[in-house]
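Student: File name final_23.txt; file contents compact mmCIF, C-alpha atoms; full text below.
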```txt
# COMPACT_ATOMS: atom_id res chain seq x y z
CA MET A 1 0.00 0.00 0.00
CA ILE A 2 1.30 3.47 -0.88
CA GLY A 3 0.84 6.19 1.73
CA VAL A 4 0.01 9.56 0.22
CA LEU A 5 -0.16 13.15 1.49
CA ASP A 6 -1.66 16.32 0.07
CA ILE A 7 -0.10 19.19 2.01
CA GLY A 8 -1.55 22.66 1.71
CA ALA A 9 -1.01 25.83 3.68
CA THR A 10 -4.03 25.27 5.93
CA ASN A 11 -5.11 21.66 5.33
CA VAL A 12 -3.39 18.29 5.07
CA ARG A 13 -4.98 15.15 3.68
CA ALA A 14 -3.55 11.65 4.06
CA GLY A 15 -4.56 8.58 2.10
CA LEU A 16 -3.76 5.00 1.20
CA VAL A 17 -3.58 3.92 -2.45
CA SER A 18 -3.51 0.30 -3.55
CA GLU A 19 -1.05 -1.04 -6.11
CA ASP A 20 -3.77 -0.91 -8.79
CA GLY A 21 -4.34 2.81 -8.20
CA GLU A 22 -7.43 2.79 -5.99
CA LEU A 23 -7.74 5.30 -3.14
CA VAL A 24 -8.94 2.97 -0.39
CA ALA A 25 -8.99 5.41 2.54
CA SER A 26 -8.31 9.06 3.31
CA ARG A 27 -8.74 11.63 6.04
CA GLY A 28 -7.99 15.31 6.36
CA ARG A 29 -7.16 17.75 9.14
CA LEU A 30 -6.62 21.47 9.55
CA VAL A 31 -3.00 22.39 10.17
CA PRO A 32 -2.54 23.36 13.85
CA PRO A 33 -2.08 27.10 14.32
CA SER A 34 1.44 28.31 15.07
CA ALA A 35 2.99 25.03 13.85
CA ASP A 36 6.72 25.35 13.28
CA ALA A 37 8.57 22.84 11.10
CA ARG A 38 8.99 20.25 13.89
CA LYS A 39 5.38 20.45 15.07
CA PHE A 40 4.16 20.35 11.50
CA LEU A 41 6.19 17.23 10.74
CA ASP A 42 4.88 15.52 13.88
CA PHE A 43 1.34 16.44 12.84
CA VAL A 44 1.73 15.08 9.30
CA CYS A 45 3.32 11.83 10.48
CA ALA A 46 0.65 11.33 13.15
CA LEU A 47 -2.10 11.84 10.57
CA LEU A 48 -0.66 9.31 8.13
CA GLY A 49 0.31 6.92 10.92
CA SER A 50 -3.18 6.92 12.40
CA LEU A 51 -4.66 6.09 9.01
CA VAL A 52 -2.22 3.22 8.51
CA ALA A 53 -3.06 1.85 11.97
CA THR A 54 -6.82 2.19 11.48
CA GLU A 55 -6.73 0.38 8.14
CA ASP A 56 -4.16 -2.15 9.43
CA GLU A 57 -2.06 -1.82 6.29
CA GLU A 58 1.67 -2.02 5.62
CA LEU A 59 3.27 0.78 3.64
CA THR A 60 5.60 0.08 0.74
CA ALA A 61 6.31 3.73 -0.12
CA ILE A 62 5.11 7.28 0.49
CA GLY A 63 4.25 9.93 -2.09
CA ALA A 64 3.54 13.50 -1.01
CA GLY A 65 2.49 16.67 -2.77
CA SER A 66 3.31 19.81 -0.82
CA CYS A 67 3.01 23.55 -1.28
CA GLY A 68 6.30 25.37 -1.70
CA VAL A 69 9.43 25.31 -3.81
CA ILE A 70 10.68 21.72 -3.81
CA ARG A 71 13.88 20.10 -4.96
CA ASP A 72 15.08 16.54 -4.27
CA GLY A 73 12.35 15.92 -1.72
CA SER A 74 13.08 19.03 0.35
CA ILE A 75 10.79 22.02 0.68
CA LEU A 76 13.23 24.87 0.12
CA TYR A 77 10.73 27.68 0.69
CA SER A 78 7.04 27.74 1.57
CA PRO A 79 5.67 31.31 1.45
CA ASN A 80 2.19 30.57 2.81
CA THR A 81 3.14 28.64 5.95
CA LEU A 82 4.80 29.55 9.26
CA TRP A 83 7.52 26.97 8.58
CA LYS A 84 9.64 27.91 5.59
CA SER A 85 11.87 24.91 4.85
CA LEU A 86 11.72 21.19 5.57
CA ALA A 87 13.59 18.07 4.41
CA LEU A 88 10.28 16.24 4.18
CA ALA A 89 11.13 13.17 2.08
CA GLU A 90 14.03 12.19 4.32
CA ALA A 91 11.95 12.77 7.46
CA LEU A 92 9.12 10.58 6.15
CA LYS A 93 11.61 7.88 5.17
CA VAL A 94 13.08 7.87 8.68
CA ARG A 95 9.71 7.89 10.44
CA PHE A 96 8.05 5.14 8.37
CA GLN A 97 11.10 3.17 7.16
CA VAL A 98 9.95 3.16 3.52
CA PRO A 99 11.13 5.16 0.48
CA ALA A 100 9.45 8.56 0.14
CA VAL A 101 9.15 11.13 -2.62
CA VAL A 102 7.90 14.72 -2.31
CA ILE A 103 6.76 16.89 -5.21
CA ASN A 104 4.95 20.19 -5.50
CA ASP A 105 1.25 19.89 -4.65
CA ALA A 106 0.19 21.39 -8.00
CA ASP A 107 2.37 18.78 -9.74
CA ALA A 108 0.58 16.06 -7.77
CA PHE A 109 -2.77 17.52 -8.79
CA ALA A 110 -1.66 17.71 -12.43
CA LEU A 111 -0.53 14.07 -12.41
CA GLY A 112 -3.84 13.04 -10.87
CA VAL A 113 -6.11 14.80 -13.33
CA TYR A 114 -3.93 13.91 -16.34
CA HIS A 115 -3.52 10.19 -15.61
CA PHE A 116 -6.79 9.45 -13.81
CA GLU A 117 -9.55 12.01 -14.40
CA PHE A 118 -8.85 12.89 -18.04
CA ARG A 119 -6.88 9.83 -19.12
CA ASP A 120 -6.08 10.02 -22.88
CA GLN A 121 -8.39 13.01 -23.42
CA PHE A 122 -5.70 15.71 -23.74
CA SER A 123 -2.15 15.79 -25.09
CA GLY A 124 -1.26 18.06 -22.18
CA LEU A 125 -2.76 20.48 -19.70
CA CYS A 126 -2.11 23.27 -17.24
CA ALA A 127 -3.43 22.53 -13.77
CA LEU A 128 -4.20 25.42 -11.42
CA THR A 129 -5.15 25.07 -7.75
CA LEU A 130 -7.07 27.99 -6.27
CA GLY A 131 -6.98 28.14 -2.50
CA SER A 132 -4.83 29.77 0.18
CA GLY A 133 -2.35 30.34 -2.62
CA LEU A 134 -2.31 29.72 -6.36
CA GLY A 135 -0.48 26.60 -7.45
CA GLY A 136 0.23 25.74 -11.05
CA SER A 137 1.72 22.89 -13.05
CA LEU A 138 2.11 21.92 -16.69
CA ILE A 139 2.14 18.34 -17.95
CA SER A 140 2.41 16.78 -21.40
CA GLU A 141 2.85 13.32 -22.84
CA ARG A 142 6.54 13.65 -21.95
CA GLY A 143 5.77 14.28 -18.28
CA LEU A 144 5.79 17.25 -15.93
CA VAL A 145 7.23 20.47 -17.33
CA ARG A 146 10.26 21.70 -15.38
CA SER A 147 12.07 25.01 -15.29
CA MET A 148 15.72 25.22 -16.31
CA SER A 149 16.63 24.95 -12.61
CA ASP A 150 14.65 21.68 -12.47
CA ILE A 151 11.80 22.80 -10.27
CA SER A 152 8.08 23.17 -10.94
CA PRO A 153 7.38 26.58 -12.54
CA GLU A 154 6.08 29.05 -9.95
CA ILE A 155 3.00 30.05 -11.92
CA GLY A 156 1.42 31.77 -8.93
CA HIS A 157 4.26 34.28 -8.93
CA ILE A 158 3.92 35.54 -12.46
CA LYS A 159 3.83 39.33 -12.18
CA VAL A 160 0.51 40.76 -13.31
CA ARG A 161 0.64 44.25 -11.83
CA GLU A 162 3.68 46.43 -11.31
CA GLY A 163 3.84 47.62 -7.71
CA GLY A 164 0.62 45.77 -6.97
CA ALA A 165 -0.72 43.95 -3.94
CA ARG A 166 1.70 42.37 -1.50
CA CYS A 167 2.17 38.61 -1.96
CA GLY A 168 3.01 35.93 0.59
CA CYS A 169 6.33 35.35 -1.20
CA GLY A 170 7.47 38.81 -0.12
CA GLY A 171 7.08 40.38 -3.54
CA SER A 172 4.21 42.39 -4.96
CA GLY A 173 1.96 42.21 -7.99
CA CYS A 174 2.06 38.39 -8.22
CA LEU A 175 -0.87 36.52 -9.75
CA GLU A 176 -1.36 34.78 -6.40
CA ALA A 177 -1.86 38.17 -4.73
CA TYR A 178 -5.05 38.54 -6.81
CA VAL A 179 -6.18 34.91 -7.15
CA SER A 180 -6.27 33.36 -3.68
CA LYS A 181 -8.42 33.16 -0.59
CA ARG A 182 -6.99 36.30 0.97
CA ALA A 183 -7.23 38.21 -2.30
CA LEU A 184 -10.91 37.34 -2.66
CA MET A 185 -11.73 38.30 0.92
CA ASP A 186 -9.80 41.59 0.70
CA SER A 187 -11.49 42.43 -2.58
CA TYR A 188 -14.93 41.64 -1.19
CA ARG A 189 -14.45 43.96 1.79
CA ARG A 190 -12.93 46.66 -0.41
CA TYR A 191 -16.13 46.62 -2.47
CA GLY A 192 -18.17 47.16 0.69
CA GLY A 193 -19.00 43.55 1.56
CA SER A 194 -20.13 42.46 5.00
CA ALA A 195 -17.49 41.87 7.65
CA ASP A 196 -19.51 38.83 8.73
CA MET A 197 -18.32 36.89 5.68
CA LEU A 198 -15.30 34.89 6.82
CA SER A 199 -14.49 32.55 3.93
CA PRO A 200 -14.72 32.22 0.13
CA TYR A 201 -17.65 29.86 0.73
CA ASP A 202 -19.49 32.64 2.55
CA VAL A 203 -18.76 35.09 -0.27
CA TYR A 204 -19.98 32.59 -2.84
CA GLN A 205 -23.24 32.14 -0.95
CA ALA A 206 -23.57 35.93 -0.93
CA PHE A 207 -22.95 35.93 -4.68
CA ARG A 208 -25.75 33.44 -5.16
CA ARG A 209 -28.06 35.75 -3.22
CA GLY A 210 -27.21 38.62 -5.57
CA ASP A 211 -24.71 40.45 -3.36
CA ASP A 212 -23.10 43.18 -5.50
CA ALA A 213 -19.80 43.20 -3.59
CA ALA A 214 -19.46 39.43 -3.96
CA GLU A 215 -20.11 39.65 -7.70
CA LYS A 216 -17.47 42.36 -8.09
CA ALA A 217 -14.93 40.43 -5.99
CA PHE A 218 -15.34 37.25 -8.02
CA THR A 219 -15.25 39.20 -11.27
CA THR A 220 -11.96 40.80 -10.22
CA LEU A 221 -10.51 37.41 -9.30
CA GLY A 222 -11.68 35.95 -12.60
CA ARG A 223 -10.21 38.78 -14.62
CA TYR A 224 -6.78 38.34 -13.06
CA LEU A 225 -6.99 34.57 -13.38
CA GLY A 226 -7.79 34.86 -17.09
CA THR A 227 -4.96 37.33 -17.58
CA GLY A 228 -2.56 34.92 -15.92
CA MET A 229 -3.84 32.03 -18.02
CA SER A 230 -3.34 34.04 -21.20
CA THR A 231 0.32 34.56 -20.26
CA ILE A 232 0.73 30.85 -19.61
CA TYR A 233 -0.96 30.04 -22.91
CA ASN A 234 1.25 32.45 -24.86
CA LEU A 235 4.31 30.67 -23.40
CA PHE A 236 3.24 27.01 -23.44
CA ALA A 237 -0.06 26.73 -25.37
CA PRO A 238 -1.73 24.08 -23.18
CA PRO A 239 -4.94 22.85 -24.84
CA VAL A 240 -6.83 22.96 -21.55
CA PHE A 241 -6.68 24.56 -18.11
CA VAL A 242 -7.92 22.33 -15.30
CA LEU A 243 -8.93 24.17 -12.13
CA GLY A 244 -8.97 22.67 -8.65
CA GLY A 245 -8.76 23.85 -5.06
CA GLY A 246 -11.50 25.17 -2.82
CA ILE A 247 -12.22 28.35 -4.76
CA SER A 248 -12.81 26.36 -7.96
CA ARG A 249 -16.12 25.26 -6.44
CA ALA A 250 -17.31 28.84 -7.02
CA ALA A 251 -16.52 28.62 -10.75
CA ARG A 252 -19.95 29.91 -11.71
CA ALA A 253 -19.04 33.23 -10.10
CA PHE A 254 -15.65 33.87 -11.74
CA LEU A 255 -15.45 31.80 -14.94
CA PRO A 256 -17.20 34.29 -17.25
CA ALA A 257 -14.65 37.00 -16.41
CA ALA A 258 -11.78 34.49 -16.61
CA ARG A 259 -12.82 33.26 -20.05
CA GLN A 260 -13.19 36.81 -21.33
CA ALA A 261 -9.74 37.85 -20.09
CA LEU A 262 -8.15 34.67 -21.43
CA SER A 263 -9.65 35.18 -24.88
CA LYS A 264 -8.58 38.81 -24.91
CA GLY A 265 -4.99 38.04 -23.91
CA ILE A 266 -3.98 35.12 -26.12
CA MET A 267 -2.02 35.77 -29.28
CA LYS A 268 -3.42 34.72 -32.64
CA GLY A 269 -1.69 31.88 -34.42
CA ILE A 270 -0.31 30.09 -31.37
CA GLY A 271 -3.02 27.46 -31.35
CA PRO A 272 -6.73 26.82 -30.86
CA ARG A 273 -8.52 28.59 -28.03
CA PRO A 274 -7.86 26.59 -24.84
CA ARG A 275 -10.65 25.06 -22.78
CA ILE A 276 -11.22 25.67 -19.07
CA VAL A 277 -12.60 22.76 -17.07
CA ILE A 278 -13.19 22.19 -13.35
CA SER A 279 -11.82 19.01 -11.82
CA LYS A 280 -14.45 16.82 -10.18
CA MET A 281 -11.89 14.73 -8.32
CA ARG A 282 -10.99 17.46 -5.82
CA SER A 283 -8.42 16.17 -3.29
CA ARG A 284 -8.50 12.66 -4.80
CA ALA A 285 -6.57 13.95 -7.81
CA SER A 286 -3.64 15.14 -5.68
CA LEU A 287 -3.54 11.94 -3.64
CA LEU A 288 -3.62 9.71 -6.72
CA GLY A 289 -1.05 11.92 -8.40
CA ALA A 290 1.30 11.57 -5.41
CA ALA A 291 0.85 7.78 -5.57
CA HIS A 292 1.61 7.85 -9.30
CA GLN A 293 4.85 9.69 -8.60
CA ALA A 294 5.83 7.21 -5.87
CA ARG A 295 5.10 4.30 -8.18
CA SER A 296 7.14 5.93 -10.97
CA SER A 297 10.04 6.65 -8.60
CA PHE A 298 10.14 3.31 -6.79
CA GLY A 299 8.35 0.96 -9.19
CA THR A 300 10.90 -1.83 -9.11
CA MET A 301 11.15 -1.62 -5.33
CA LEU A 302 7.40 -2.02 -4.89
CA LYS A 303 7.17 -5.34 -6.74
```
Could the structure of this file be written out as structure tokens, please?
Tutor:
Amino acid sequence: MIGVLDIGATNVRAGLVSEDGELVASRGRLVPPSADARKFLDFVCALLGSLVATEDEELTAIGAGSCGVIRDGSILYSPNTLWKSLALAEALKVRFQVPAVVINDADAFALGVYHFEFRDQFSGLCALTLGSGLGGSLISERGLVRSMSDISPEIGHIKVREGGARCGCGGSGCLEAYVSKRALMDSYRRYGGSADMLSPYDVYQAFRRGDDAAEKAFTTLGRYLGTGMSTIYNLFAPPVFVLGGGISRAARAFLPAARQALSKGIMKGIGPRPRIVISKMRSRASLLGAAHQARSSFGTMLK
């Protein structure tokens, strides 16, 4: 059985995936407040360990998708968490005594939707996760797209506005600063929305009731998202953008503006107009994608 983890800035989900690619069990927890690297690692290991004990299974490997800049199984920098660096793969290997691989969480999501949800439907895709931050990954028939420094491209930190809003990475004007949970909430309040709304879910419910501030906030998010997607398309020409993450559940509220901005920003002649689809697998995609990476990395060891 392959143990899998989907590690976000505020939530962690653990799962168990069988050798034939079936997610047999999973559970999620909110990250404890004020968790430094050591406390966070203890929390993650306890979550996975409790699932293994409950299901009475034996692990053969671990695959994890985590937010942050990742190289060789180590999280080099995580802008949206209190802990900033962590040698996660080695720590998991020591704790569970099985081989472990750690990749970017958007890469895990991309692997999941490409190989499981949309198997053989697309030659490639760009996966975007909309939540506490904005994760992004590109995948083709040749595998995950890497930067020249051999890391996952930091799509969330494309600059979309000079001198713009402050981003969790320490910079300003990043796409993530306009397409994320905090960005949506700040925008909603700036447009005069109620202070009683505490989450994107609340704002979406307000949108459905006809709240003007909620409509404007989602339209702003969608416009920036579409602008960012047009930049990605002009560079890589993915045939489809697959959206996941909590905010993607409010697609009805922001997709019209996103599609309009995407169409406006793409250059003629690069390729056909890309599609935008919403993943229905949610967290399952990231967990299955992490298992796929573990199986690819340690395939001969798992037999």
Student: Can you work out the spacing between atom CA of Gly28 of chain A and atom CA of Ala14 of chain A in Å, to one decimal?
Tutor: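 Separating atom CA of Gly28 of chain A from atom CA of Ala14 of chain A is a distance of 6.2 Å.
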Student: Which residues come within 9 Å of Pro32 of chain A, counting only C-alpha atoms, excluding same-chain residues fewer than 6 positions away, as a PDB file with C-alpha atoms, in the coordinates of the input?
Tutor:
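File written: selection_16.pdb
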```
ATOM      1  CA  THR A  10      -4.030  25.270   5.930  1.00  0.00           C
ATOM      2  CA  LYS A  39       5.380  20.450  15.070  1.00  0.00           C
ATOM      3  CA  PHE A  40       4.160  20.350  11.500  1.00  0.00           C
ATOM      4  CA  PHE A  43       1.340  16.440  12.840  1.00  0.00           C
TER       5      PHE A  43
END
```
Student: Have a look at atom CA of Ala294 of chain A and atom CA of Ile247 of chain A and let me know their distance in Å, one decimal.
Tutor: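 These atoms are spaced 27.8 Å apart.
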Student: So how many Å separate atom CA of Gly265 of chain A and atom CA of Leu221 of chain A, to one decimal?
Tutor: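 Taking atom CA of Gly265 of chain A as the start and atom CA of Leu221 of chain A as the end point, the length is 15.6 Å.
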Student: Would you give me, as a Markdown table, each residue of segment 109-223 of chain A having an atom within 7 Å of an atom of segment 254-262 of chain A, along with its shortest atom pair and that distance in Å to one decimal, using all atoms listed in the file and sorting by chain and residue number?
Tutor:
```
| residue | atom | partner | partner_atom | distance |
| --- | --- | --- | --- | --- |
| A:Phe218 | CA | A:Phe254 | CA | 5.0 |
| A:Thr219 | CA | A:Phe254 | CA | 5.4 |
| A:Leu221 | CA | A:Phe254 | CA | 6.7 |
| A:Gly222 | CA | A:Ala258 | CA | 4.3 |
| A:Arg223 | CA | A:Ala258 | CA | 5.0 |
```
Student: With C-alpha atoms retained, export the selected residues as a PDB file, in the frame of the given file.
Tutor:
```pdb
ATOM      1  CA  PHE A 218     -15.340  37.250  -8.020  1.00  0.00           C
ATOM      2  CA  THR A 219     -15.250  39.200 -11.270  1.00  0.00           C
ATOM      3  CA  LEU A 221     -10.510  37.410  -9.300  1.00  0.00           C
ATOM      4  CA  GLY A 222     -11.680  35.950 -12.600  1.00  0.00           C
ATOM      5  CA  ARG A 223     -10.210  38.780 -14.620  1.00  0.00           C
TER       6      ARG A 223
END
```
Student: Might you pull out every residue within 9 Å of segment 194-196 of chain A, with all atoms listed in the file counted and same-chain residues fewer than 6 positions away left off, and present them as a VMD selection string?
Tutor: chain A and resid 188 202 213
Student: Go through A:Ala100, A:Ile139, A:Cys67, A:Val17 one by one, measure the shortest atom-to-atom distance of each to Glu154 of chain A using all atoms listed in the file, and give the residue with the smallest value.
Tutor: A:Cys67
Student: Rank nothing, just name the residue among A:Val52, A:Cys174, A:Leu128, A:Val69 nearest to Ser147 of chain A, using only C-alpha atoms.
Tutor: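 So, comparing all the options, the nearest one is A:Val69.
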